[in-house]
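A short worksheet on the structure shown next.
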Amino acid sequence: MSSTIIAILLLVTFALFIAYILKGGNLMIGFFVMAILWCIIGLVPFNEAIQKVFAEPALNYGPTIIYIVFGSWFGRVLVDSGIAPAISEATKSIGKKKPLLAAILVILVTAFIFVSAYGVGSVIAIGVILLPILLSVGLPRDLALAAFSMAIGAPMYINVVLYNQMKAFFPKALYNNKYLTFGICAAVVQLIAVILFLIVNHKKIDPSQADKNLELIGAENTEIKISKVPKIAYIIPIIPVAMNMLFKWDAVPALTLASLIAVFITGQFKNYKKGIDFLNDTIKHAISDIAGLIMFLMALEFFTGAATINAEKFRPVLAALLPHQHLVLCIALGVLAPLALFRGPLHVWGAGAATAAVLVGTGLFNDAFLLPLLYVPTLMAVSVDITQSWNVWGLDYMKVDSKGFLKYGVPVMWIVSIINEVLVFYFFG
């Protein structure tokens with residue numbers, strides 16, 4: 001079978017895979033089936049497929065799973081120790097007098113927490129506290145959810161846990177000061193965009209609708225017990241990033257240190273038995289929060305292995321079609337960023353896994369450039385895609401239809417993506 005025919009068949013299955021995703025197909029199963037299909041179509045020898053597609057990628061992904069586990073644990077500790085609820089509660093006092101300012105503060109608090117916290121469990125735990133605050137100051141449900149989701153997406157540029165998941169595709173990229181400078185700039189761009197989004201829509205803020213909206217989501221009588229924590233505890237969410245920036249610490253010891261400081265500073269270990277129970281409970285919850293994600297990522301790794309082996313077959317086509325100028329490629333991906341939605345070809349935890357593997361396989365660009373290049377559209381999807389796990393939860397919790405959510409979120413994130421791709425060129429082009 002000629003390379004041309006193989007390449008065409010691979011592209012056909014790729015297109016069918018995207019259609020499957022758009023129809024709501026199970027991603028874990030989809031990636032697993034695609035890995036098998038690409039091994040068969042690409043004529044990968046059986047023993048090579050077993051080793052290079054189903055063994056090595058999964059085993060090599062072990063360190064990333066550790067990052068995810070510790071990130072999820074840190075997020076759970078922030079919530080259960082009372083630190084995250086306390087930070088959230090601190091924004092409520094001015095809500096009734098200045099609703100727009102209160103909404104902006106909630107957005108900043110959300111971004112601050114998710115600089116290091118990670119996982120759908122953490123998002124839900126924070127969301128049930130912060131989203132009712134947004135509704136209580138008069139934001140419409142769809143507006144509140146869009147702003148909250150985009151505020152979670154902004155700090156993901158510097159979230160060490162998510163970054164290490166991206167490194168699965170671009171192993172030679174480094175989380176160093178140069179990347180951190182870019183990440184902070186990109187996060188600030190997105191945060192400014194969310195704040196401007198709230199300002200532009202401030203006339204839709206209607207405190208008279210607050211009770212109705214709170215009743216609709218079942219939060220009208222919800223009183224969340226807020227534990228008193230020392231004010232110094234409010235800086236704990238930035239400790240992991242600070243330890244990396246100042247002392248070059250790896251994410252695991254940085255997250256562990258931040259978690260232990262949180263445990264002790266909030267008095268969880270005043271009683272030894274209760275302290276041990278707290279540790280055990282947060283660890284159990286953290287791991288159960290990400291169990292499904294880990295198996296999904298394993299299936300994704302299988303597919304990435306198959307795509308990497310077949311990348312050479314796409315090289316002549318991509319070498320001819322892809323612009324070799326970094327600036328042109330950055331602008332193109334910014335303009336085409338909505339293709340990351342619905343797990344499309346620019347979302348690396350979707351059909352874009354093949355795009356990433358093929359781009360690396362061509363050897364046309366280095367990993368330090370490719371990671372942020374594809375991170376920008378991927379984070380557009382993380383922020384406003386209705387297939388993102390915590391966005392799915394948010395739509396259900398807030399009783400918002402996907403059309404309203406996308407109407408608010410996509411235009412904002414599209415502009416953000418174009419600006420941030422220009423930043424990618426500035427820093428890495």
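Ordering of the structure tokens sets the chain letters (A, B, ...); residue numbers start at 1 within each chain; ligands are numbered from 1 in the order shown.
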
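Within 7 Å of Gly153 of chain A, once only C-alpha atoms are used and residues closer than 6 positions along the same chain are dropped, the contacting residues are Leu379, Val382 and Ser383 of chain A.
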
What does the file look like for those residues with C-alpha atoms, as a compact mmCIF listing (two decimals), in the first residue's frame?
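Output saved as out.txt:
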# COMPACT_ATOMS: atom_id res chain seq x y z
CA LEU A 379 -7.13 26.91 26.47
CA VAL A 382 -10.81 24.64 28.22
CA SER A 383 -12.40 28.04 28.91

Got a sec: who's within 10 Å of Gln388 of chain A, counting only C-alpha atoms, leaving out chain neighbours fewer than 6 positions off, as a PyMOL selection string?
chain A and resi 120+341-343+349+381-382+394

Excluding same-chain residues fewer than 6 positions from segment 36-38 of chain A, what lies within 12 Å of it counting only C-alpha atoms, as an NGL selection string?
:A and (6-14 or 16-17 or 29-30 or 44-46 or 49-50 or 53-54 or 299-300 or 302-311 or 313 or 354)

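Note that atom CA of Leu174 of chain A and atom CA of Phe74 of chain A are 22.5 Å apart.
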
Determine which residues of segment 10-258 of chain A receive a DSSP assignment of helix (DSSP H, G or I), computed from the backbone, and state them as a ChimeraX atom specification.
/A:10-22,27-41,46-52,56-60,62-80,83-89,99-113,120-136,141-157,160-166,177-200,202-204,207-216,231-247,251-258

Test item: residues at most 9 Å from Leu180 of chain A, only C-alpha atoms, excluding those fewer than 6 positions along its chain, as a compact mmCIF listing (two decimals) with C-alpha atoms, in the first residue's frame:
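Result saved to out-v3.txt:
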# COMPACT_ATOMS: atom_id res chain seq x y z
CA TYR A 157 -1.28 29.15 31.24
CA ILE A 158 0.91 28.96 34.36
CA MET A 245 10.08 30.86 39.91

Who sits within 8 Å of Ile205 of chain A, only C-alpha atoms, same chain under 3 positions skipped, as a list in words:
Pro99, Leu100, Val137, Gly138, Leu139, Pro140, Asn201 and His202 of chain A

Find the residues of segment 156-239 of chain A that sit at most 10 Å from segment 420-428 of chain A; for each, write down the nearest two atoms and how far apart they are in Å, to one decimal. Count only C-alpha atoms. Sort by chain, then by number going up, and give it as JSON lines.
{"residue": "A:Lys178", "atom": "CA", "partner": "A:Phe427", "partner_atom": "CA", "distance": 7.7}
{"residue": "A:Tyr179", "atom": "CA", "partner": "A:Phe427", "partner_atom": "CA", "distance": 8.1}
{"residue": "A:Thr181", "atom": "CA", "partner": "A:Phe427", "partner_atom": "CA", "distance": 8.8}
{"residue": "A:Phe182", "atom": "CA", "partner": "A:Phe427", "partner_atom": "CA", "distance": 6.6}
{"residue": "A:Gly183", "atom": "CA", "partner": "A:Asn420", "partner_atom": "CA", "distance": 9.4}
{"residue": "A:Cys185", "atom": "CA", "partner": "A:Leu423", "partner_atom": "CA", "distance": 8.1}
{"residue": "A:Ala186", "atom": "CA", "partner": "A:Asn420", "partner_atom": "CA", "distance": 5.7}
{"residue": "A:Ala187", "atom": "CA", "partner": "A:Asn420", "partner_atom": "CA", "distance": 8.9}
{"residue": "A:Val189", "atom": "CA", "partner": "A:Asn420", "partner_atom": "CA", "distance": 7.5}
{"residue": "A:Gln190", "atom": "CA", "partner": "A:Asn420", "partner_atom": "CA", "distance": 8.6}

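For the choices A:Lys167, A:Lys403, A:Lys284, A:Arg141, the atom-to-atom distance to Tyr61 of chain A is smallest for A:Lys167 when using only C-alpha atoms.
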
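Every protein or nucleic acid residue with an atom no more than 10 Å from Ile65 of chain A, counting only C-alpha atoms and leaving out same-chain residues fewer than 2 positions away, appears here: Ala58, Asn60, Tyr61, Gly62, Pro63, Tyr67, Ile68, Val69, Phe70, Gly71, Val161, Asn164, Gln165, Ile290, Leu293, Ile294, Leu297 and Met298 of chain A.
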
So that I have them on file, write out the residues from the current selection with N, CA and C atoms, as a PDB file, in the first residue's frame.
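Below is the file that was written, again-v4.pdb:
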ATOM      1  N   ALA A  58       2.229   4.877  27.776  1.00  0.00           N
ATOM      2  CA  ALA A  58       1.548   4.844  29.079  1.00  0.00           C
ATOM      3  C   ALA A  58       2.554   4.892  30.227  1.00  0.00           C
ATOM      4  N   ASN A  60       5.650   6.033  30.123  1.00  0.00           N
ATOM      5  CA  ASN A  60       6.349   7.324  30.142  1.00  0.00           C
ATOM      6  C   ASN A  60       5.463   8.450  30.669  1.00  0.00           C
ATOM      7  N   TYR A  61       4.153   8.210  30.696  1.00  0.00           N
ATOM      8  CA  TYR A  61       3.221   9.246  31.158  1.00  0.00           C
ATOM      9  C   TYR A  61       3.084   9.252  32.682  1.00  0.00           C
ATOM     10  N   GLY A  62       3.693   8.243  33.316  1.00  0.00           N
ATOM     11  CA  GLY A  62       3.601   8.121  34.771  1.00  0.00           C
ATOM     12  C   GLY A  62       3.912   9.395  35.540  1.00  0.00           C
ATOM     13  N   PRO A  63       5.036  10.090  35.223  1.00  0.00           N
ATOM     14  CA  PRO A  63       5.345  11.324  35.962  1.00  0.00           C
ATOM     15  C   PRO A  63       4.246  12.384  35.858  1.00  0.00           C
ATOM     16  N   TYR A  67       1.916  14.472  38.758  1.00  0.00           N
ATOM     17  CA  TYR A  67       1.625  15.913  38.830  1.00  0.00           C
ATOM     18  C   TYR A  67       0.121  16.153  38.983  1.00  0.00           C
ATOM     19  N   ILE A  68      -0.670  15.411  38.220  1.00  0.00           N
ATOM     20  CA  ILE A  68      -2.130  15.576  38.259  1.00  0.00           C
ATOM     21  C   ILE A  68      -2.663  15.213  39.650  1.00  0.00           C
ATOM     22  N   VAL A  69      -2.145  14.119  40.215  1.00  0.00           N
ATOM     23  CA  VAL A  69      -2.583  13.676  41.541  1.00  0.00           C
ATOM     24  C   VAL A  69      -2.283  14.745  42.586  1.00  0.00           C
ATOM     25  N   PHE A  70      -1.053  15.276  42.575  1.00  0.00           N
ATOM     26  CA  PHE A  70      -0.679  16.270  43.580  1.00  0.00           C
ATOM     27  C   PHE A  70      -1.424  17.589  43.359  1.00  0.00           C
ATOM     28  N   GLY A  71      -1.676  17.942  42.106  1.00  0.00           N
ATOM     29  CA  GLY A  71      -2.442  19.151  41.824  1.00  0.00           C
ATOM     30  C   GLY A  71      -3.870  19.031  42.307  1.00  0.00           C
ATOM     31  N   VAL A 161       0.339  21.872  36.768  1.00  0.00           N
ATOM     32  CA  VAL A 161      -0.262  20.559  36.539  1.00  0.00           C
ATOM     33  C   VAL A 161      -0.707  20.419  35.078  1.00  0.00           C
ATOM     34  N   ASN A 164       2.227  20.332  32.618  1.00  0.00           N
ATOM     35  CA  ASN A 164       2.897  19.031  32.521  1.00  0.00           C
ATOM     36  C   ASN A 164       2.087  18.028  31.715  1.00  0.00           C
ATOM     37  N   GLN A 165       0.768  18.216  31.641  1.00  0.00           N
ATOM     38  CA  GLN A 165      -0.020  17.391  30.724  1.00  0.00           C
ATOM     39  C   GLN A 165       0.312  17.757  29.276  1.00  0.00           C
ATOM     40  N   ILE A 290     -10.067  12.477  39.936  1.00  0.00           N
ATOM     41  CA  ILE A 290      -9.323  12.417  38.674  1.00  0.00           C
ATOM     42  C   ILE A 290      -9.213  11.007  38.100  1.00  0.00           C
ATOM     43  N   LEU A 293     -10.286  10.900  34.533  1.00  0.00           N
ATOM     44  CA  LEU A 293      -9.366  11.693  33.718  1.00  0.00           C
ATOM     45  C   LEU A 293      -8.106  10.898  33.401  1.00  0.00           C
ATOM     46  N   ILE A 294      -7.583  10.176  34.374  1.00  0.00           N
ATOM     47  CA  ILE A 294      -6.347   9.421  34.160  1.00  0.00           C
ATOM     48  C   ILE A 294      -6.538   8.349  33.087  1.00  0.00           C
ATOM     49  N   LEU A 297      -6.644   9.983  29.756  1.00  0.00           N
ATOM     50  CA  LEU A 297      -5.311  10.387  29.313  1.00  0.00           C
ATOM     51  C   LEU A 297      -4.485   9.190  28.856  1.00  0.00           C
ATOM     52  N   MET A 298      -4.713   8.029  29.445  1.00  0.00           N
ATOM     53  CA  MET A 298      -4.023   6.825  28.985  1.00  0.00           C
ATOM     54  C   MET A 298      -4.424   6.489  27.548  1.00  0.00           C
TER      55      MET A 298
END

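Restricting the calculation to only C-alpha atoms, the smallest distance between Ile192 of chain A and any of A:Trp249, A:Ala102, A:Pro132, A:Ile107 is found for A:Ile107.
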
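One distance worth recording is that between atom CA of Met150 of chain A and atom CA of Leu78 of chain A, which is 20.5 Å.
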
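Of the residues listed (A:Lys248, A:Ser72, A:Ile239, A:Leu260), A:Ser72 shows the shortest atom-to-atom separation from Ala291 of chain A; distances use only C-alpha atoms.
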
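Candidate residues A:Phe170, A:Ser389, A:Val194, A:Ser136 were compared for distance to Asp206 of chain A, and the nearest is A:Ser136, using only C-alpha atoms.
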
Would you list the contacts of Ala353 of chain A as JSON, numbers by chain, taking every protein, DNA or RNA residue within 9 Å and counting only C-alpha atoms, but skipping same-chain residues closer than 2 positions in sequence?
{"A": [169, 300, 301, 303, 304, 307, 345, 346, 347, 348, 349, 350, 351, 355, 356, 357, 358]}

Keeping only C-alpha atoms, write the selected residues to a file as a PDB file, in the first residue's frame.
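The result, stored in selection.pdb:
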ATOM      1  CA  PHE A 169       3.095  16.145  23.437  1.00  0.00           C
ATOM      2  CA  LEU A 300      -4.995   9.642  24.605  1.00  0.00           C
ATOM      3  CA  GLU A 301      -1.388   8.517  25.059  1.00  0.00           C
ATOM      4  CA  PHE A 303      -3.405   7.479  20.189  1.00  0.00           C
ATOM      5  CA  THR A 304      -0.485   9.910  20.448  1.00  0.00           C
ATOM      6  CA  ALA A 307       0.028   9.297  15.558  1.00  0.00           C
ATOM      7  CA  PRO A 345      -8.260  19.460  15.463  1.00  0.00           C
ATOM      8  CA  LEU A 346      -6.668  22.269  17.522  1.00  0.00           C
ATOM      9  CA  HIS A 347      -7.589  20.842  20.941  1.00  0.00           C
ATOM     10  CA  VAL A 348      -4.710  18.627  22.071  1.00  0.00           C
ATOM     11  CA  TRP A 349      -6.998  16.675  24.427  1.00  0.00           C
ATOM     12  CA  GLY A 350      -9.237  15.941  21.482  1.00  0.00           C
ATOM     13  CA  ALA A 351      -8.642  15.438  17.781  1.00  0.00           C
ATOM     14  CA  THR A 355      -2.228  17.559  15.017  1.00  0.00           C
ATOM     15  CA  ALA A 356       0.291  17.914  17.852  1.00  0.00           C
ATOM     16  CA  ALA A 357       1.940  14.547  17.188  1.00  0.00           C
ATOM     17  CA  VAL A 358       2.172  15.209  13.460  1.00  0.00           C
TER      18      VAL A 358
END

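Nearest to Val109 of chain A of all the residues A:Ile18, A:Ala258, A:Leu370, A:Ala154 is A:Ala154, based on only C-alpha atoms.
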
So which one's closest to Val328 of chain A, A:Ile418, A:Val410, A:Met398, A:Leu198? Using only C-alpha atoms, please.
A:Ile418
